[in-house]
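Dumped model-v1.pdb below, it's PDB, C-alpha atoms and all ligand atoms:
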```
ATOM      1  CA  MET A 656      27.015   7.330   5.927  1.00  0.00           C
ATOM      2  CA  LYS A 657      23.442   7.059   4.763  1.00  0.00           C
ATOM      3  CA  GLU A 658      21.975   9.878   2.777  1.00  0.00           C
ATOM      4  CA  LEU A 659      18.591  11.096   3.965  1.00  0.00           C
ATOM      5  CA  LYS A 660      16.311  12.638   1.340  1.00  0.00           C
ATOM      6  CA  VAL A 661      13.399  13.448   3.637  1.00  0.00           C
ATOM      7  CA  SER A 662      13.693  14.043   7.353  1.00  0.00           C
ATOM      8  CA  ALA A 663      13.645  11.202   9.804  1.00  0.00           C
ATOM      9  CA  ILE A 664      10.504  11.155  11.930  1.00  0.00           C
ATOM     10  CA  ASN A 665      10.169  10.913  15.688  1.00  0.00           C
ATOM     11  CA  LYS A 666       7.043   8.783  15.761  1.00  0.00           C
ATOM     12  CA  GLY A 667       4.809   7.287  13.106  1.00  0.00           C
ATOM     13  CA  THR A 668       4.829   4.941  10.128  1.00  0.00           C
ATOM     14  CA  VAL A 669       7.233   4.802   7.206  1.00  0.00           C
ATOM     15  CA  ILE A 670       6.133   2.878   4.134  1.00  0.00           C
ATOM     16  CA  ASP A 671       9.304   2.153   2.227  1.00  0.00           C
ATOM     17  CA  HIS A 672      10.181   0.274  -0.989  1.00  0.00           C
ATOM     18  CA  ILE A 673       7.021   1.296  -2.835  1.00  0.00           C
ATOM     19  CA  PRO A 674       7.551   0.726  -6.585  1.00  0.00           C
ATOM     20  CA  ALA A 675       8.503   4.076  -8.137  1.00  0.00           C
ATOM     21  CA  GLY A 676       5.460   5.871  -9.507  1.00  0.00           C
ATOM     22  CA  ARG A 677       2.940   4.224  -7.177  1.00  0.00           C
ATOM     23  CA  GLY A 678       3.438   6.473  -4.143  1.00  0.00           C
ATOM     24  CA  LEU A 679       0.486   8.758  -4.835  1.00  0.00           C
ATOM     25  CA  LYS A 680      -1.824   5.821  -5.495  1.00  0.00           C
ATOM     26  CA  VAL A 681      -0.704   4.255  -2.211  1.00  0.00           C
ATOM     27  CA  LEU A 682      -1.452   7.508  -0.414  1.00  0.00           C
ATOM     28  CA  GLU A 683      -4.897   7.633  -1.968  1.00  0.00           C
ATOM     29  CA  ILE A 684      -5.681   4.061  -0.911  1.00  0.00           C
ATOM     30  CA  LEU A 685      -4.495   4.704   2.648  1.00  0.00           C
ATOM     31  CA  ASN A 686      -7.208   7.351   2.822  1.00  0.00           C
ATOM     32  CA  LEU A 687      -5.630   9.261   5.705  1.00  0.00           C
ATOM     33  CA  SER A 688      -7.556  12.081   7.290  1.00  0.00           C
ATOM     34  CA  GLY A 689      -6.324  15.644   7.131  1.00  0.00           C
ATOM     35  CA  ASP A 690      -4.825  15.485  10.620  1.00  0.00           C
ATOM     36  CA  ASN A 691      -1.546  13.810   9.803  1.00  0.00           C
ATOM     37  CA  THR A 692       1.610  15.383   8.498  1.00  0.00           C
ATOM     38  CA  ILE A 693       2.795  13.335   5.552  1.00  0.00           C
ATOM     39  CA  LEU A 694       6.212  13.292   3.926  1.00  0.00           C
ATOM     40  CA  ILE A 695       6.566  11.835   0.458  1.00  0.00           C
ATOM     41  CA  ALA A 696       9.712  11.019  -1.472  1.00  0.00           C
ATOM     42  CA  MET A 697       9.377   9.862  -5.055  1.00  0.00           C
ATOM     43  CA  ASN A 698      11.884   8.318  -7.404  1.00  0.00           C
ATOM     44  CA  VAL A 699      14.494   7.819  -4.691  1.00  0.00           C
ATOM     45  CA  ARG A 700      17.502   5.777  -5.752  1.00  0.00           C
ATOM     46  CA  SER A 701      17.315   2.368  -4.106  1.00  0.00           C
ATOM     47  CA  GLY A 702      20.363   0.120  -4.223  1.00  0.00           C
ATOM     48  CA  LYS A 703      21.054  -1.505  -7.545  1.00  0.00           C
ATOM     49  CA  LEU A 704      17.396  -2.103  -8.127  1.00  0.00           C
ATOM     50  CA  GLY A 705      16.534   1.320  -9.395  1.00  0.00           C
ATOM     51  CA  ARG A 706      13.979   3.626  -7.847  1.00  0.00           C
ATOM     52  CA  LYS A 707      11.337   3.633  -5.150  1.00  0.00           C
ATOM     53  CA  ASP A 708       8.792   5.881  -3.468  1.00  0.00           C
ATOM     54  CA  ILE A 709       8.557   6.406   0.304  1.00  0.00           C
ATOM     55  CA  ILE A 710       5.671   7.703   2.422  1.00  0.00           C
ATOM     56  CA  LYS A 711       6.082   8.825   6.022  1.00  0.00           C
ATOM     57  CA  VAL A 712       3.026   9.405   8.183  1.00  0.00           C
ATOM     58  CA  GLU A 713       3.989  11.444  11.225  1.00  0.00           C
ATOM     59  CA  GLY A 714       2.376  10.766  14.585  1.00  0.00           C
ATOM     60  CA  LYS A 715       0.266   7.838  13.427  1.00  0.00           C
ATOM     61  CA  ILE A 716       0.931   4.122  13.813  1.00  0.00           C
ATOM     62  CA  LEU A 717      -0.978   2.469  10.985  1.00  0.00           C
ATOM     63  CA  ASN A 718      -2.389  -0.956  11.836  1.00  0.00           C
ATOM     64  CA  GLU A 719      -2.005  -4.051   9.686  1.00  0.00           C
ATOM     65  CA  GLU A 720      -5.471  -3.779   8.211  1.00  0.00           C
ATOM     66  CA  GLU A 721      -4.870  -0.201   7.079  1.00  0.00           C
ATOM     67  CA  VAL A 722      -1.512  -1.004   5.590  1.00  0.00           C
ATOM     68  CA  ASN A 723      -2.467  -4.266   3.889  1.00  0.00           C
ATOM     69  CA  LYS A 724      -4.865  -2.372   1.637  1.00  0.00           C
ATOM     70  CA  ILE A 725      -1.838  -1.290  -0.387  1.00  0.00           C
ATOM     71  CA  ALA A 726      -0.562  -4.850  -0.929  1.00  0.00           C
ATOM     72  CA  LEU A 727      -2.102  -5.200  -4.390  1.00  0.00           C
ATOM     73  CA  ILE A 728      -0.260  -2.221  -5.829  1.00  0.00           C
ATOM     74  CA  ALA A 729       2.868  -2.246  -3.646  1.00  0.00           C
ATOM     75  CA  PRO A 730       3.597  -5.882  -2.740  1.00  0.00           C
ATOM     76  CA  SER A 731       7.276  -5.068  -2.179  1.00  0.00           C
ATOM     77  CA  ALA A 732       6.550  -2.374   0.434  1.00  0.00           C
ATOM     78  CA  THR A 733       8.079  -2.489   3.891  1.00  0.00           C
ATOM     79  CA  VAL A 734       6.245  -0.962   6.836  1.00  0.00           C
ATOM     80  CA  ASN A 735       8.394   0.552   9.572  1.00  0.00           C
ATOM     81  CA  ILE A 736       6.904   1.621  12.890  1.00  0.00           C
ATOM     82  CA  ILE A 737       8.947   4.473  14.344  1.00  0.00           C
ATOM     83  CA  GLU A 738       9.085   5.458  18.001  1.00  0.00           C
ATOM     84  CA  ASN A 739      11.619   7.785  19.611  1.00  0.00           C
ATOM     85  CA  TRP A 740      13.383   8.150  16.250  1.00  0.00           C
ATOM     86  CA  GLU A 741      14.013   4.391  16.070  1.00  0.00           C
ATOM     87  CA  VAL A 742      12.563   1.613  13.907  1.00  0.00           C
ATOM     88  CA  MET A 743      10.610  -0.432  16.478  1.00  0.00           C
ATOM     89  CA  GLU A 744       9.028  -2.836  14.045  1.00  0.00           C
ATOM     90  CA  LYS A 745       9.518  -3.721  10.396  1.00  0.00           C
ATOM     91  CA  ARG A 746       7.127  -5.863   8.422  1.00  0.00           C
ATOM     92  CA  LYS A 747       6.111  -6.678   4.873  1.00  0.00           C
ATOM     93  CA  VAL A 748       2.643  -5.883   3.585  1.00  0.00           C
ATOM     94  CA  GLU A 749       0.385  -8.879   3.143  1.00  0.00           C
ATOM     95  CA  ILE A 750      -2.551  -9.327   0.803  1.00  0.00           C
ATOM     96  CA  PRO A 751      -5.714  -9.479   2.961  1.00  0.00           C
ATOM     97  CA  ASP A 752      -8.344 -12.262   2.646  1.00  0.00           C
ATOM     98  CA  GLU A 753     -10.916  -9.795   1.415  1.00  0.00           C
ATOM     99  CA  ILE A 754     -10.507  -6.684  -0.757  1.00  0.00           C
ATOM    100  CA  ILE A 755     -13.048  -3.907  -0.227  1.00  0.00           C
ATOM    101  CA  GLY A 756     -13.032  -0.947  -2.632  1.00  0.00           C
ATOM    102  CA  ILE A 757      -9.665  -0.276  -4.356  1.00  0.00           C
ATOM    103  CA  ILE A 758     -10.565  -2.173  -7.530  1.00  0.00           C
ATOM    104  CA  GLU A 759     -13.659  -2.517  -9.680  1.00  0.00           C
ATOM    105  CA  CYS A 760     -15.162  -5.729 -10.994  1.00  0.00           C
ATOM    106  CA  ALA A 761     -14.032  -6.746 -14.486  1.00  0.00           C
ATOM    107  CA  ASN A 762     -17.514  -7.950 -15.380  1.00  0.00           C
ATOM    108  CA  PRO A 763     -19.283  -5.044 -17.129  1.00  0.00           C
ATOM    109  CA  ASN A 764     -22.664  -6.520 -16.195  1.00  0.00           C
ATOM    110  CA  CYS A 765     -21.857  -6.736 -12.477  1.00  0.00           C
ATOM    111  CA  ILE A 766     -24.351  -4.981 -10.214  1.00  0.00           C
ATOM    112  CA  THR A 767     -21.499  -2.973  -8.660  1.00  0.00           C
ATOM    113  CA  HIS A 768     -21.414  -0.865 -11.829  1.00  0.00           C
ATOM    114  CA  TYR A 769     -25.108   0.031 -11.577  1.00  0.00           C
ATOM    115  CA  GLU A 770     -25.873   0.314  -7.877  1.00  0.00           C
ATOM    116  CA  GLU A 771     -24.229   2.292  -5.110  1.00  0.00           C
ATOM    117  CA  VAL A 772     -22.312  -0.632  -3.636  1.00  0.00           C
ATOM    118  CA  THR A 773     -18.667  -0.853  -2.747  1.00  0.00           C
ATOM    119  CA  PRO A 774     -16.944  -3.592  -4.750  1.00  0.00           C
ATOM    120  CA  LYS A 775     -15.886  -6.533  -2.619  1.00  0.00           C
ATOM    121  CA  PHE A 776     -13.729  -9.505  -3.523  1.00  0.00           C
ATOM    122  CA  LYS A 777     -12.707 -12.717  -1.849  1.00  0.00           C
ATOM    123  CA  VAL A 778      -9.037 -13.599  -2.259  1.00  0.00           C
ATOM    124  CA  LEU A 779      -8.947 -17.149  -3.647  1.00  0.00           C
ATOM    125  CA  SER A 780      -5.177 -17.170  -4.010  1.00  0.00           C
ATOM    126  CA  LYS A 781      -2.450 -14.687  -3.047  1.00  0.00           C
ATOM    127  CA  LYS A 782       0.265 -16.093  -5.252  1.00  0.00           C
ATOM    128  CA  PRO A 783      -0.582 -16.170  -8.074  1.00  0.00           C
ATOM    129  CA  LEU A 784      -3.185 -13.538  -7.286  1.00  0.00           C
ATOM    130  CA  LYS A 785      -6.791 -14.572  -7.895  1.00  0.00           C
ATOM    131  CA  LEU A 786      -9.881 -12.742  -6.667  1.00  0.00           C
ATOM    132  CA  LYS A 787     -13.585 -13.489  -6.853  1.00  0.00           C
ATOM    133  CA  CYS A 788     -16.279 -10.805  -6.932  1.00  0.00           C
ATOM    134  CA  HIS A 789     -18.630 -11.095  -3.972  1.00  0.00           C
ATOM    135  CA  TYR A 790     -21.576 -10.002  -6.134  1.00  0.00           C
ATOM    136  CA  CYS A 791     -21.229 -11.715  -9.509  1.00  0.00           C
ATOM    137  CA  GLU A 792     -18.597 -14.367  -8.757  1.00  0.00           C
ATOM    138  CA  ARG A 793     -16.387 -13.289 -11.668  1.00  0.00           C
ATOM    139  CA  THR A 794     -12.814 -14.323 -10.977  1.00  0.00           C
ATOM    140  CA  MET A 795      -9.910 -12.004 -11.790  1.00  0.00           C
ATOM    141  CA  GLU A 796      -6.207 -12.727 -12.041  1.00  0.00           C
ATOM    142  CA  GLU A 797      -3.330 -10.362 -11.375  1.00  0.00           C
ATOM    143  CA  ASP A 798      -3.005  -8.721 -14.815  1.00  0.00           C
ATOM    144  CA  ILE A 799      -6.754  -8.029 -14.918  1.00  0.00           C
ATOM    145  CA  VAL A 800      -6.804  -6.835 -11.299  1.00  0.00           C
ATOM    146  CA  LEU A 801      -4.121  -4.220 -11.957  1.00  0.00           C
ATOM    147  CA  LYS A 802      -6.094  -2.912 -14.938  1.00  0.00           C
ATOM    148  CA  HIS A 803      -9.120  -2.331 -12.692  1.00  0.00           C
ATOM    149  CA  LEU A 804      -7.683  -0.179  -9.946  1.00  0.00           C
ATOM    150  CA  LEU A 805     -10.180   2.475  -8.909  1.00  0.00           C
TER     151      LEU A 805
HETATM  152  N1  LIG B 901      13.148   6.260   9.109  1.00  0.00           N
HETATM  153  C1  LIG B 901      12.587   7.494   9.404  1.00  0.00           C
HETATM  154  N2  LIG B 901      12.711   8.017  10.658  1.00  0.00           N
HETATM  155  C2  LIG B 901      13.400   7.365  11.612  1.00  0.00           C
HETATM  156  C3  LIG B 901      13.969   6.106  11.329  1.00  0.00           C
HETATM  157  C4  LIG B 901      13.834   5.577  10.055  1.00  0.00           C
HETATM  158  O1  LIG B 901      11.955   8.098   8.548  1.00  0.00           O
HETATM  159  N3  LIG B 901      13.495   7.937  12.811  1.00  0.00           N
HETATM  160  C5  LIG B 901      12.957   5.683   7.755  1.00  0.00           C
HETATM  161  C6  LIG B 901      14.251   5.501   6.972  1.00  0.00           C
HETATM  162  O2  LIG B 901      14.542   6.692   6.265  1.00  0.00           O
HETATM  163  C7  LIG B 901      13.903   4.367   6.039  1.00  0.00           C
HETATM  164  C8  LIG B 901      12.903   3.526   6.836  1.00  0.00           C
HETATM  165  O3  LIG B 901      12.427   4.383   7.884  1.00  0.00           O
HETATM  166  O4  LIG B 901      13.224   4.857   4.878  1.00  0.00           O
HETATM  167  C9  LIG B 901      13.521   2.291   7.419  1.00  0.00           C
HETATM  168  O5  LIG B 901      14.632   2.633   8.220  1.00  0.00           O
HETATM  169  P1  LIG B 901      15.847   1.635   8.385  1.00  0.00           P
HETATM  170  O6  LIG B 901      15.353   0.301   8.783  1.00  0.00           O
HETATM  171  O7  LIG B 901      16.838   2.305   9.278  1.00  0.00           O
HETATM  172  O8  LIG B 901      16.434   1.656   6.908  1.00  0.00           O
HETATM  173  P2  LIG B 901      16.984   0.454   6.045  1.00  0.00           P
HETATM  174  O9  LIG B 901      17.878  -0.399   6.867  1.00  0.00           O
HETATM  175  O10 LIG B 901      17.530   1.046   4.791  1.00  0.00           O
HETATM  176  O11 LIG B 901      15.632  -0.322   5.714  1.00  0.00           O
HETATM  177  P3  LIG B 901      15.439  -1.639   4.809  1.00  0.00           P
HETATM  178  O12 LIG B 901      16.341  -2.696   5.369  1.00  0.00           O
HETATM  179  O13 LIG B 901      13.966  -1.957   5.005  1.00  0.00           O
HETATM  180  O14 LIG B 901      15.759  -1.231   3.411  1.00  0.00           O
HETATM  181 ZN    ZN B 902     -18.713  -8.475 -10.034  1.00  0.00          ZN
END
```
Let me see the file written as structure tokens.
Ligand code: CTP
Ligand code: ZN
Amino acid sequence: MKELKVSAINKGTVIDHIPAGRGLKVLEILNLSGDNTILIAMNVRSGKLGRKDIIKVEGKILNEEEVNKIALIAPSATVNIIENWEVMEKRKVEIPDEIIGIIECANPNCITHYEEVTPKFKVLSKKPLKLKCHYCERTMEEDIVLKHLL
């Protein structure tokens, strides 16, 4: 029998297999309004692989665009759409073609650090990750990207 740490939900979205410790950051990036009930489980034992975080958003079916925003920090995450207590759909997050907000440009001289503009990057490559700033054209690879999370 499976052990359930947080209640099952009737309808909504479950983001599972988030690397342990990144759950709160994921929640922040999802930028949900105050209307939704949210259940969070952190440091849950997950198979042999150690620990994971889980976020359950009750009553709201998140679309791909909303969910893919978390791909940079939780590439292993699984998104489960729940209806009538059942998993109706299960998919992996995917890195979008464009990243808006979420990270800051690594170039200290970039205009995004001086003006009120939202950082924006074009995804040149998903694996290995490589982004290019829309404003200054600085390219950033995975290790640098993760150091510039907003
Ligand atoms: N879940 C939930 N409410 C439901 C059904 C499922 O909160 N009514 C949650 C489960 O607790 C789990 C996730 O949705 O965190 C996926 O459910 P399920 O596919 O049944 O679990 P697993 O088979 O363990 O998923 P995976 O294969 O992705 O590890
Ligand atoms: Zn820049």
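Residues matching the PyMOL selection byres (((not hetatm)) within 7 of (chain B and resi 902)) in this structure come to Cys760, Ala761, Asn762, Cys765, Ile766, Thr767, Cys788, His789, Tyr790, Cys791, Glu792 and Arg793 of chain A.
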Open item on the list: Please return as a PyMOL selection string the residues found within 12 Å of ligand LIG 901 (chain B), counting only C-alpha atoms and all ligand atoms.
Closed with: chain A and resi 656-673+693-697+699-702+704+707-714+731-747
TODO: Extract, using all atoms listed in the file, all DNA, RNA and protein residues at most 10 Å from range 769-772 of chain A, discarding same-chain residues fewer than 5 positions from it, and format them as a ChimeraX atom specification.
DONE: /A:756,763-764,790
For the selection you just gave me, I'd like the residues written to a file as a PDB file, keeping the file's coordinate frame, keeping C-alpha atoms.
```
ATOM      1  CA  GLY A 756     -13.032  -0.947  -2.632  1.00  0.00           C
ATOM      2  CA  PRO A 763     -19.283  -5.044 -17.129  1.00  0.00           C
ATOM      3  CA  ASN A 764     -22.664  -6.520 -16.195  1.00  0.00           C
ATOM      4  CA  TYR A 790     -21.576 -10.002  -6.134  1.00  0.00           C
TER       5      TYR A 790
END
```
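Pairwise distance (CA of Leu805 in chain A, CA of Ile728 in chain A) equals 11.4 Å.
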TODO: Work out how far CA of Ile799 in chain A is from CA of Leu786 in chain A, in Å to one decimal.
DONE: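 CA of Leu786 in chain A sits 10.0 Å away from CA of Ile799 in chain A.
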Task: Two-atom distance - CA of Ile755 in chain A, CA of Lys715 in chain A (Å) - done: 22.4 Å
Need to verify the contact set: Pro730 in chain A, 8 Å, all atoms listed in the file, exclusion of same-chain residues closer than 6 positions in sequence. Can you return it as an mmCIF file with C-alpha atoms, keeping the file's coordinate frame?
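Generated file (around-v2.cif):
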```cif
data_model
loop_
_atom_site.group_PDB
_atom_site.id
_atom_site.type_symbol
_atom_site.label_atom_id
_atom_site.label_comp_id
_atom_site.auth_asym_id
_atom_site.auth_seq_id
_atom_site.Cartn_x
_atom_site.Cartn_y
_atom_site.Cartn_z
ATOM 1 C CA ILE A 673 7.021 1.296 -2.835
ATOM 2 C CA VAL A 748 2.643 -5.883 3.585
ATOM 3 C CA GLU A 749 0.385 -8.879 3.143
ATOM 4 C CA ILE A 750 -2.551 -9.327 0.803
#
```
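Among the candidates A:Lys787, A:His768, A:Lys777, A:Lys782, the one nearest to Pro751 in chain A when counting all atoms listed in the file is A:Lys777.
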Task: Closest of A:Arg677, A:Leu804, A:Glu720, A:Asp752 to Pro774 in chain A - atom-to-atom distances counting only C-alpha atoms - done: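 Of the candidates, the smallest distance to Pro774 in chain A is held by A:Leu804.
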Step by step, gather every atom of range 667-670 of chain A that the file lists, find the box along x, y and z that holds them, add 3 Å on each side, and finally give centre and edge lengths in Å to one decimal, as lines of an AutoDock Vina configuration file.
```
center_x = 6.0
center_y = 5.1
center_z = 8.6
size_x = 8.4
size_y = 10.4
size_z = 15.0
```
Open item on the list: So, with all atoms listed in the file as the atoms that count, which of A:Ile758, A:Ile684, A:Leu679, A:Thr773 lies closest to Glu797 in chain A?
Closed with: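 The shortest atom-to-atom distance to Glu797 in chain A comes from A:Ile758.
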TODO: Would you translate the PyMOL selection byres (((chain A and resi 754) around 6) and not hetatm) into the concrete set of residues it matches in this file, as a list in words?
DONE: Glu753, Ile755, Lys775 and Phe776 of chain A
Take the residues just selected and output them with C-alpha atoms as an mmCIF file, keeping the file's coordinate frame.
```
data_model
loop_
_atom_site.group_PDB
_atom_site.id
_atom_site.type_symbol
_atom_site.label_atom_id
_atom_site.label_comp_id
_atom_site.auth_asym_id
_atom_site.auth_seq_id
_atom_site.Cartn_x
_atom_site.Cartn_y
_atom_site.Cartn_z
ATOM 1 C CA GLU A 753 -10.916 -9.795 1.415
ATOM 2 C CA ILE A 755 -13.048 -3.907 -0.227
ATOM 3 C CA LYS A 775 -15.886 -6.533 -2.619
ATOM 4 C CA PHE A 776 -13.729 -9.505 -3.523
#
```
Open item on the list: Using all atoms listed in the file, can you tell me which of A:Glu759, A:Lys785, A:Leu779, A:Ala675 comes closest to His803 in chain A?
Closed with: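 Distance minimum relative to His803 in chain A lands on A:Glu759.
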TODO: Fewer than 5 positions away in the same chain doesn't count, so skip those; otherwise give me all residues within 10 Å of Leu685 in chain A, counting only C-alpha atoms, as a PyMOL selection string.
DONE: chain A and resi 679-680+717+721-725
